[in-house]
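Step one of this worksheet: look at the structure below.
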Amino acid sequence: MNGKAGIFYHDIHMGGSYVADYTGAVCAPEFARAAMAAFAKHLRRMHWANLHLDNLYMSSGRLRSFLENLEDKQLTMRTLSRVNAVDNVDNAKCPSVDLPETWDAYLEQKLGTNMRQKLRRFLRKVDGSEEFRITLADAATIKRDIGILLDFWKNRWGPRKGNRLSGILNTNRRVLNDAFADGSLFLPVLWHRDRPLGALATFIDPVKKTYFFNMAGRDESAEIVPPGLVLHAYSIRHAIANGYRTYDFLRGDEAYKYTFGASDKLITCKVVQTRTRRNLGDRLDPRTLSGIFSEANKNHEKGQTAEAENAYRQILDADPAHALTLYALGQLLADKGDHQAAAAAFEKLLVVVPHLAKGWVRLGNALQALDNHADATDAFRKALEIQPDIQSARDGLGISMVKLSQTCIAATTPRPGGVVRVTAPPLLGKAKPPTLPLVVGRQPADVAASSLKQSVAIIDPAHCNSGTLPAHPLNRRAGPTLL
């Protein structure tokens with residue numbers, strides 16, 4: 001929501017954003033460019049204010065077809081920097097290694113002399129040791145191994161993540177468990193005797209023959225062997241042995257990744273925005289209305305009525321028959337004294353849900369506030385037909401009948417000039433009789449007397465006791481004009 005204007009708008013994000021390192025589109029290669037152009041045109045017909053294109057990784061042809069068809073005079077587009085302020089790591093750079101067919105070829109072709117010697121030395125130390133071992137997560141150990149990994153990761157990165165830490169850990173735990181369940185998680189753990197030294201999680205793509213390194217954690221106090229170096233080397237060797245062709249370090253140009261022979265791929269990060277910062281078409285997407293109503297209702301309950309009213313009206317622009325919103329808007333308008341608009345909202349509501357007793361009560365209350373007691377009695381009567389035990393409808397009906405009885409009174413002797421002087425009979429229920437006489441407008445005495453004679457029937461005790469009030473021209477303002 002735009003806090004200053006109190007206007008809701010929509011953001012669209014790529015699927016998997018903020019969890020997946022890469023986002024993109026899946027389409028048949030022969031139709032890829034046409035599909036991306038059509039997708040962009042469809043987006044321009046939707047209702048949104050911000051389109052977040054984070055971590056796009058696709059061919060230049062697909063990307064160009066997509067971005068060119070998002071160009072519009074209503075929109076702006078800008079490229080986002082993904083360089084961390086803390087450590088200057090550029091997360092738009094994604095180092096990866098093209099793997100040769102053998103481990104020895106990898107050592108010779110991809111690594112410098114010093115790195116090649118390190119990998120050979122440390123892997124020999126682990127492979128031939130009785131003190132060190134590497135285990136792979138299986139059904140019996142997956143919970144333990146994910147716990148080890150996340151605990152190490154938390155100890156290293158937790159302070160930097162602040163309030164986001166809990167959410168990040170929960171998300172990664174869920175993602176890692178899901179990946180293990182479908183067979184796409186490779187999770188080796190390095191041990192020194194019974195002490196874990198480090199763990200590394202990698203997603204496996206058998207179609208693209210790629211290992212995607214996801215996250216690692218290590219015991220920061222371990223000095224016996226470098227856990228990260230050993231586990232990456234072990235994983236690369238495992239990938240080559242199983243016929244995989246790429247080891248992808250994913251986002252971030254940390255220096256250590258290039259020591260394994262990696263080179264950069266680039267991803268695209270852009271945001272497309274409307275110039276007005278309001279939704280295209282200035283409308284809400286119907287699929288979001290229930291969530292927006294919930295937020296608007298919270299504002300209403302907190303007394304932020306201007307924001308709530310703006311949101312209610314936005315919802316009704318998208319769906320004029322949204323019953324919850326019609327009721328809430330009517331209630332808000334009545335509370336601020338705009339009874340005419342409140343009555344209109346409740347009337348629209350009752351077209352949508354005609355059997356809502358409390359809606360009829362609310363309409364009756366609004367009409368009562370407008371001194372339209374004839375229509376108010378109709379509304380209260382309707383509520384009682386639907387729900388006979390609703391006390392607020394009984395109370396409202398009684399009040400409006402009292403008000404009507406003040407105009408439906410017995411005639412007395414005509415005054416000179418054709419004015420009829422009338423006095424009010426005892427009023428209904430506990431209401432007090434008026435202290436002043438009422439005067440019917442200047443009409444010939446016989447016409448006024450005739451109308452008043454009809455009025456007497458309206459306040460017949462039989463009608464009052466039965467709780468009904470017959471329709472009469474006075475009720476519809478068709479009788480004599482009151483002075």
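Please note that chains go A, B, ... in the order of the structure tokens, that every chain numbers its residues from 1, and that ligands are numbered from 1 in the order shown.
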Who sits within 10 Å of Ile224 in chain A, only C-alpha atoms, same chain under 2 positions skipped, as a list in words |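 Result of the neighbour search: His192, Leu197, Ser221, Ala222, Pro226 and Pro227 of chain A.
Residue neighbourhood of Val225 in chain A, excluding near-sequence residues (fewer than 6 positions): A:Phe122, A:Leu123, A:Lys125, A:Val126, A:Phe132, A:Leu190, A:His192, A:Leu197, at 10 Å, using only C-alpha atoms.
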Filtering to N, CA and C atoms, could you give me those residues as a PDB file, in the first residue's frame?
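Contents of result-v3.pdb, freshly written:
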ATOM      1  N   PHE A 122      44.764 -32.655   0.366  1.00  0.00           N
ATOM      2  CA  PHE A 122      43.691 -32.761   1.374  1.00  0.00           C
ATOM      3  C   PHE A 122      42.729 -33.910   1.085  1.00  0.00           C
ATOM      4  N   LEU A 123      42.468 -34.196  -0.177  1.00  0.00           N
ATOM      5  CA  LEU A 123      41.590 -35.336  -0.472  1.00  0.00           C
ATOM      6  C   LEU A 123      42.277 -36.649  -0.110  1.00  0.00           C
ATOM      7  N   LYS A 125      44.347 -36.975   2.303  1.00  0.00           N
ATOM      8  CA  LYS A 125      44.305 -37.014   3.770  1.00  0.00           C
ATOM      9  C   LYS A 125      42.967 -37.536   4.277  1.00  0.00           C
ATOM     10  N   VAL A 126      41.921 -37.126   3.635  1.00  0.00           N
ATOM     11  CA  VAL A 126      40.584 -37.566   4.052  1.00  0.00           C
ATOM     12  C   VAL A 126      40.301 -38.982   3.562  1.00  0.00           C
ATOM     13  N   PHE A 132      39.314 -39.050   9.639  1.00  0.00           N
ATOM     14  CA  PHE A 132      38.408 -38.214   8.846  1.00  0.00           C
ATOM     15  C   PHE A 132      37.505 -39.101   7.996  1.00  0.00           C
ATOM     16  N   LEU A 190      31.585 -33.436   6.386  1.00  0.00           N
ATOM     17  CA  LEU A 190      32.963 -33.807   6.736  1.00  0.00           C
ATOM     18  C   LEU A 190      33.070 -33.953   8.245  1.00  0.00           C
ATOM     19  N   HIS A 192      35.570 -35.211  11.703  1.00  0.00           N
ATOM     20  CA  HIS A 192      36.811 -35.622  12.345  1.00  0.00           C
ATOM     21  C   HIS A 192      36.413 -36.447  13.551  1.00  0.00           C
ATOM     22  N   LEU A 197      32.809 -31.162  10.962  1.00  0.00           N
ATOM     23  CA  LEU A 197      33.628 -29.994  10.655  1.00  0.00           C
ATOM     24  C   LEU A 197      32.960 -29.066   9.634  1.00  0.00           C
TER      25      LEU A 197
END
At what distance in Å, to one decimal, does CA of Ala343 in chain A lie from CA of Gly330 in chain A?
->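 Distance reported for this atom pair: 6.9 Å.
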Near Leu266 in chain A, within 10 Å and counting only C-alpha atoms, which residues show up once chain neighbours fewer than 6 positions away are dropped, as a PDB file with C-alpha atoms, in the first residue's frame?
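Produced file out.pdb, reproduced below:
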ATOM      1  CA  ASN A  55      17.810 -12.943 -11.181  1.00  0.00           C
ATOM      2  CA  LEU A  56      16.701 -13.505 -14.789  1.00  0.00           C
ATOM      3  CA  TYR A  57      18.870 -16.128 -16.431  1.00  0.00           C
ATOM      4  CA  MET A  58      17.927 -16.824 -20.033  1.00  0.00           C
ATOM      5  CA  ASN A  91      25.440 -11.097  -6.788  1.00  0.00           C
ATOM      6  CA  ALA A  92      24.685 -10.486 -10.463  1.00  0.00           C
ATOM      7  CA  LYS A  93      27.817 -12.517 -11.264  1.00  0.00           C
ATOM      8  CA  CYS A  94      27.467 -16.294 -11.114  1.00  0.00           C
ATOM      9  CA  PRO A  95      30.725 -18.268 -11.380  1.00  0.00           C
ATOM     10  CA  ARG A 251      25.238 -15.984  -7.269  1.00  0.00           C
TER      11      ARG A 251
END
Skip Ile142 in chain A itself and residues of its chain fewer than 3 positions away, then list as JSON, numbers by chain all residues within 10 Å of it, counting only C-alpha atoms.
-> {"A": [136, 137, 138, 139, 145, 146, 147, 148, 176, 177, 180, 181, 187]}
With N, CA, C and O atoms retained, export the selected residues as a compact mmCIF listing (two decimals), in the first residue's frame.
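Result file is part-v9.txt:
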# COMPACT_ATOMS: atom_id res chain seq x y z
N LEU A 136 27.35 -39.05 3.27
CA LEU A 136 26.30 -38.46 2.44
C LEU A 136 24.96 -38.65 3.13
O LEU A 136 24.65 -39.74 3.63
N ALA A 137 24.17 -37.60 3.15
CA ALA A 137 22.87 -37.66 3.83
C ALA A 137 21.98 -38.71 3.19
O ALA A 137 21.88 -38.82 1.96
N ASP A 138 21.33 -39.50 4.06
CA ASP A 138 20.34 -40.48 3.59
C ASP A 138 19.10 -40.35 4.47
O ASP A 138 19.01 -39.45 5.31
N ALA A 139 18.16 -41.24 4.29
CA ALA A 139 16.89 -41.13 5.02
C ALA A 139 17.09 -41.16 6.53
O ALA A 139 16.33 -40.53 7.28
N ASP A 145 21.77 -34.04 9.41
CA ASP A 145 22.74 -33.38 8.53
C ASP A 145 22.28 -31.98 8.15
O ASP A 145 23.10 -31.05 8.07
N ILE A 146 20.99 -31.79 7.89
CA ILE A 146 20.48 -30.44 7.62
C ILE A 146 20.66 -29.57 8.85
O ILE A 146 21.04 -28.40 8.76
N GLY A 147 20.44 -30.15 10.03
CA GLY A 147 20.64 -29.40 11.27
C GLY A 147 22.08 -28.95 11.44
O GLY A 147 22.35 -27.80 11.85
N ILE A 148 23.02 -29.84 11.14
CA ILE A 148 24.45 -29.49 11.23
C ILE A 148 24.77 -28.33 10.29
O ILE A 148 25.42 -27.35 10.67
N LEU A 176 15.47 -27.70 1.57
CA LEU A 176 16.41 -28.83 1.59
C LEU A 176 15.69 -30.16 1.80
O LEU A 176 16.03 -31.17 1.16
N ASN A 177 14.71 -30.17 2.67
CA ASN A 177 13.94 -31.40 2.88
C ASN A 177 13.17 -31.79 1.63
O ASN A 177 13.08 -32.97 1.27
N PHE A 180 15.59 -33.20 -0.92
CA PHE A 180 15.98 -34.58 -0.58
C PHE A 180 14.85 -35.55 -0.93
O PHE A 180 15.11 -36.64 -1.46
N ALA A 181 13.62 -35.15 -0.67
CA ALA A 181 12.48 -36.04 -0.93
C ALA A 181 12.35 -36.39 -2.41
O ALA A 181 11.94 -37.51 -2.75
N LEU A 187 24.28 -33.85 -0.19
CA LEU A 187 24.67 -33.18 1.05
C LEU A 187 25.76 -33.98 1.77
O LEU A 187 25.48 -34.84 2.61
As a PyMOL selection string, which residues of range 122-305 of chain A does DSSP assign to strand (DSSP E or B)?
-> chain A and resi 132-136+185-186+188-192+195-205+210-218+246-248+263-266+268-274
Selection near Ser294 in chain A, 12 Å with only C-alpha atoms, sequence-local residues under 3 positions removed, as an MDAnalysis selection string | chainID A and resid 288:291 297:301 308 311:312 315 324:325 328
